[in-house]
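Here is the structure we will look at, set down as structure tokens.
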There are 4 protein chains.
Amino acid sequence: MRLKALREEVLEANLEVVRRGLVLYTFGNASGMDRQSGVVAIKPSGVAYDQLRAADLVLVDLEGRVVEGVLRPSSDLATHLVLYRSFPGIGGVAHTHSRFATAWAQARREIPCLGTTHADYFRGPIPITEPLAADEISGSYEENTGLAIVRRLRDLDPAQIPGALVAGHGPFCWGPTAAGAAHLAVLVEEIAALAHLTISLNPGAPDLSEAQRDQHFDRKHGSGAYYGQNTQR
Amino acid sequence: MRLKALREEVLEANLEVVRRGLVLYTFGNASGMDRQSGVVAIKPSGVAYDQLRAADLVLVDLEGRVVEGVLRPSSDLATHLVLYRSFPGIGGVAHTHSRFATAWAQARREIPCLGTTHADYFRGPIPITEPLAADEISGSYEENTGLAIVRRLRDLDPAQIPGALVAGHGPFCWGPTAAGAAHLAVLVEEIAALAHLTISLNPGAPDLSEAQRDQHFDRKHGSGAYYGQNTQR
Amino acid sequence: MRLKALREEVLEANLEVVRRGLVLYTFGNASGMDRQSGVVAIKPSGVAYDQLRAADLVLVDLEGRVVEGVLRPSSDLATHLVLYRSFPGIGGVAHTHSRFATAWAQARREIPCLGTTHADYFRGPIPITEPLAADEISGSYEENTGLAIVRRLRDLDPAQIPGALVAGHGPFCWGPTAAGAAHLAVLVEEIAALAHLTISLNPGAPDLSEAQRDQHFDRKHGSGAYYGQNTQR
Amino acid sequence: MRLKALREEVLEANLEVVRRGLVLYTFGNASGMDRQSGVVAIKPSGVAYDQLRAADLVLVDLEGRVVEGVLRPSSDLATHLVLYRSFPGIGGVAHTHSRFATAWAQARREIPCLGTTHADYFRGPIPITEPLAADEISGSYEENTGLAIVRRLRDLDPAQIPGALVAGHGPFCWGPTAAGAAHLAVLVEEIAALAHLTISLNPGAPDLSEAQRDQHFDRKHGSGAYYGQNTQR
């Protein structure tokens with residue numbers, strides 16, 4: 001029953017990034033993890049989204065061994081698994097090639113925190129990984145991509161910096177659930193678009209002050225949150 | 001009866017900014033005020049627009065005391081209330097994070113009056129607030145945001161400059177009604193997009209002459225207006 | 001009967017620029033002229049496009065005297081009439097505030113002929129008017145806007161340069177019919193977008209050679225045309 | 001029967017580029033070739049896509065002689081035929097004026113390989129042709145356009161560089177089938193958009209390393225491919 005629900009949630013997360021215009025053809029992938037059973041559900045590789053059913057998702061354990069499913073999992077599976085193993089608080093991962101976020105990744109620039117839209121979701125810049133060395137590419141490429149993200153997050157809290165850009169590739173986002181990760185993928189694209197336009201209007205646009213950044217992040221997250229209907233005042 | 005009509009109009013104003021593509025998820029909020037009863041209707045915080053009903057709107061007085069409604073009002077309510085208290089001629093306020101207008105706000109630049117599309121709605125640049133000081137952020141943040149707008153408008157006529165950018169945040173617009181404020185939010189986004197493209201083609205693009213700016217503003221507003229079907233010639 | 005057909009064609013031309021995304025709210029206007037009867041049909045001022053019916057169009061003569069119709073004609077009528085009086089070969093005019101073309105008009109730059117998409121429709125740059133003097137704005141503003149276009153076209157053939165940018169305002173296009181003018185308004189927006197992106201990639205991008213420009217223009221126009229199904233080889 | 005299937009596939013390829021937003025009015029054209037019979041099917045010139053039926057396609061041989069069909073073939077037919085004659089491994093060609101790819105062509109710049117989205121489809125930059133000389137334009141213009149592409153591809157493998165920009169014009173793409181060529185036309189537009197945004201964020205953005213470029217290309221192509229469900233591991 002739990003795995004059936006996981007399948008449904010991961011299917012929905014994959015469809016959400018499509019609905020929001022972040023996906024061309026079969027690009028991108030979202031996964032979710034049931035921490036209790038240790039099972040990860042992920043999109044199969046190269047399947048058209050409009051034909052994707054919950055039953056097509058591939059269920060694997062944290063080492064990538066298939067638990068259920070006949071299709072080949074997303075080629076980025078190993079990256080997702082590194083994130084689940086390294087960030088015990090997360091339950092979902094989403095990866096896209098969305099246009100603006102990918103442009104920042106290709107430009108090899110982190111996304112500075114220029115406004116409150118950004119600060120509502122990230123307590124600081126959206127970081128970018130170091131490029132992989134040649135031997136990290138030739139062997140276990142996807143796993144090494146995940147390790148590059150984890151290295152970049154070393155001194156950061158993945159709950160406060162819930163995503164990163166992989167240099168020359170695109171964004172990976174994570175959250176407590178697959179739905180949360182997909183939601184963040186949509187936000188990262190919007191934040192990337194806003195920052196691109198901002199920089200083109202003013203290459204020296206200042207970062208939001210730390211006080212205002214934290215005010216916005218805390219307004220939406222943690223025990224003092226007062227945004228929305230489900231938080232306690 | 002009046003409050004029922006107010007609810008309907010404010011609901012419609014909130015949906016208009018969604019229909020025009022200015023809103024991602026639950027971003028933004030529009031409100032309207034019935035000056036006779038002193039009641040303001042505003043969107044509840046963090047509720048999905050496709051589930052929003054007139055009955056969900058929160059009714060408050062000018063001090064923010066709830067008159068009707070069980071949901072928590074928008075977290076930006078205090079900003080709206082400052083505007084209603086300071087600009088007695090207005091009956092609606094709309095706030096969005098629309099992409100181009102937010103980019104100008106993040107770039108910390110006012111939007112110059114570069115063409116007739118702008119001059120049809122604003123008799124001059126769309127101004128931008130000063131950044132808030134740390135102590136304005138740590139206490140009564142949303143109210144201080146409103147006060148920063150009012151300070152910036154001090155020597156301007158809110159009927160002729162019906163909106164402003166909050167530095168590092170995004171646009172707030174106002175008008176005689178909630179519908180008018182929402183309409184202006186859509187226009188501010190278009191004006192911001194046009195100005196962005198213009199500046200990228202010619203960083204030194206000149207302002208519209210004052211004569212042409214006033215010709216266009218007056219063509220649509222005031223006793224000499226001759227645009228549309230409901231104006232007197 | 002002829003005027004009924006004219007109404008239908010002008011309605012359709014107005015709706016075409018809306019369908020193509022060139023119009024926000026009630027912006028823009030298209031007109032058509034029946035040269036035999038000397039009657040011009042034009043959109044009424046400030047009427048919502050989704051409520052516009054053929055019967056709402058206003059019929060005027062070349063001096064602007066109403067022939068049929070109860071609504072006030074577009075405030076830009078006088079500009080259209082100057083074009084009909086000055087360019088006897090045209091039968092339609094379309095004016096929009098479409099985003100990219102308006103940005104070039106606000107940037108006070110003509111659109112250079114950078115590629116074959118442009119050359120398929122314009123045998124040379126899309127010209128821009130000189131700014132109006134203060135006394136041209138204070139009296140007969142819309143007529144003077146038309147005269148500025150005609151002055152700019154003085155040494156050009158309006159059949160080969162079927163549109164112009166009005167400085168600080170936006171594009172006006174014309175063609176043998178209202179449908180042709182609307183079609184050109186859509187093309188001018190696309191050409192303006194292509195040129196904007198081109199210039200941002202290479203500020204010194206060269207013009208298309210005259211030979212290639214003429215090859216493309218002649219492939220679609222005139223006695224040697226061989227594009228489409230209705231031309232003679 | 002084979003030619004009926006060819007017609008259907010070429011119709012679908014033409015419609016695919018329309019669905020993906022690459023086409024304005026009657027711009028662009030896709031063709032497919034049945035190598036066994038030596039027949040090429042191509043879109044007729046200037047026919048509206050929403051009225052296009054499989055029966056409207058024009059069937060020609062490699063010298064352009066009509067085999068079946070009453071309509072005039074696309075004016076770019078001769079360019080397609082040069083590609084089929086020069087690249088024996090291809091079975092489809094697609095040409096568009098899609099916005100970002102055309103901007104690169106007008107800017108006279110090849111598209112550098114800045115990221116993995118690009119490397120998934122092209123093992124290197126997307127090349128751009130030399131401009132045509134005046135005498136190449138005045139006679140056999142479309143054929144000379146094809147020859148310019150072939151010259152530019154001389155030292156490249158058309159299976160690994162499945163498209164090129166024609167200077168001042170737009171992209172041509174090819175693939176094993178008409179569907180494959182149309183798919184590449186969509187990808188080239190996305191790659192061009194990503195590269196445009198990347199360059200505007202960082203004019204000196206580095207190329208993807210050769211190791212990572214080849215890793216991505218080989219992940220999707222050839223005997224070692226492991227993306228999707230139809231490849232062998």
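In the structure tokens, the first chain shown is A, the next is B, and so on; residue numbers restart at 1 for each chain, and ligands run from 1 in the order shown.
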
Residues of stretch 30-211 of chain A in alpha helix (DSSP H), written as a PyMOL selection string: chain A and resi 77-86+99-107+116-119+134-138+141-152+178-201+210-211

Counting only C-alpha atoms, what is within 8 Å of stretch 173-186 of chain A, bar same-chain residues fewer than 2 positions away, as a PyMOL selection string? chain A and resi 9-10+12-14+16-17+20+22+30-33+89-96+121+159+162-164+171+188-190

Set the distance at 6 Å and use only C-alpha atoms: which residues neighbour stretch 215-219 of chain C once local chain neighbours fewer than 5 positions away are removed? I'd like the list as a list in words. Ala119, Asp120, Ala225, Tyr226 and Tyr227 of chain C

Every residue of stretch 39-187 of chain A that DSSP places in strand (DSSP E or B), as a PyMOL selection string: chain A and resi 39-42+44+58-60+66-68+73+92-95+111+126+128+163-166+170-175

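Straight-line separation from atom CA of A:Arg7 to atom CA of A:Tyr25: 21.1 Å.
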
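Every chain D residue lying within 8 Å of chain A, based on only C-alpha atoms, is listed here: Leu114, Gly115, Thr116, Thr117, Ala193, Leu194, Ala195, Leu197, Thr198, Ile199, Ser200, Leu201, Asn202, Ala205, Pro206, Leu208, Ala211, Gln212, Gln215, Tyr226, Tyr227, Gly228 and Gln229 of chain D.
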
Using only C-alpha atoms, which of B:Val166, B:Glu63, B:Gly124, B:Pro88 sits nearest B:Gly146? B:Val166

What's the 8 Å shell around C:Ile126, counting only C-alpha atoms, without same-chain residues fewer than 2 positions away, as a list in words? Glu110, Ile111, Pro112, Cys113, Phe122, Gly124, Ile128, Ile161, Gly163, Ala164 and Leu165 of chain C

Produce a file of the selected residues containing N, CA, C and O atoms, as a JSON list (two decimals), in the first residue's frame.
[["chain", "number", "residue", "atom", "x", "y", "z"],
["C", 110, "GLU", "N", 15.67, 51.92, -36.15],
["C", 110, "GLU", "CA", 15.04, 51.17, -37.24],
["C", 110, "GLU", "C", 15.47, 49.71, -37.11],
["C", 110, "GLU", "O", 16.49, 49.40, -36.47],
["C", 111, "ILE", "N", 14.72, 48.79, -37.69],
["C", 111, "ILE", "CA", 15.07, 47.37, -37.61],
["C", 111, "ILE", "C", 15.87, 47.02, -38.86],
["C", 111, "ILE", "O", 15.33, 47.03, -39.97],
["C", 112, "PRO", "N", 17.15, 46.71, -38.69],
["C", 112, "PRO", "CA", 17.97, 46.39, -39.86],
["C", 112, "PRO", "C", 17.54, 45.07, -40.49],
["C", 112, "PRO", "O", 16.97, 44.21, -39.81],
["C", 113, "CYS", "N", 17.83, 44.90, -41.76],
["C", 113, "CYS", "CA", 17.46, 43.67, -42.47],
["C", 113, "CYS", "C", 18.56, 42.63, -42.29],
["C", 113, "CYS", "O", 19.52, 42.57, -43.07],
["C", 122, "PHE", "N", 10.03, 42.70, -46.35],
["C", 122, "PHE", "CA", 10.47, 44.10, -46.48],
["C", 122, "PHE", "C", 11.75, 44.15, -47.32],
["C", 122, "PHE", "O", 12.71, 43.47, -47.01],
["C", 124, "GLY", "N", 14.30, 46.02, -47.30],
["C", 124, "GLY", "CA", 15.13, 46.99, -46.60],
["C", 124, "GLY", "C", 14.74, 47.09, -45.15],
["C", 124, "GLY", "O", 13.83, 46.38, -44.68],
["C", 128, "ILE", "N", 11.93, 54.07, -38.96],
["C", 128, "ILE", "CA", 11.33, 54.67, -37.77],
["C", 128, "ILE", "C", 11.16, 56.17, -38.02],
["C", 128, "ILE", "O", 12.00, 56.80, -38.66],
["C", 161, "ILE", "N", 8.07, 48.47, -48.60],
["C", 161, "ILE", "CA", 8.32, 48.75, -47.17],
["C", 161, "ILE", "C", 6.94, 48.95, -46.54],
["C", 161, "ILE", "O", 6.49, 50.07, -46.28],
["C", 163, "GLY", "N", 5.44, 48.96, -43.73],
["C", 163, "GLY", "CA", 5.24, 49.25, -42.32],
["C", 163, "GLY", "C", 6.34, 50.15, -41.81],
["C", 163, "GLY", "O", 7.37, 50.32, -42.47],
["C", 164, "ALA", "N", 6.08, 50.75, -40.66],
["C", 164, "ALA", "CA", 7.07, 51.64, -40.04],
["C", 164, "ALA", "C", 6.84, 51.66, -38.55],
["C", 164, "ALA", "O", 5.74, 51.34, -38.07],
["C", 165, "LEU", "N", 7.89, 52.02, -37.81],
["C", 165, "LEU", "CA", 7.78, 52.21, -36.37],
["C", 165, "LEU", "C", 7.56, 53.69, -36.08],
["C", 165, "LEU", "O", 8.28, 54.53, -36.65]]
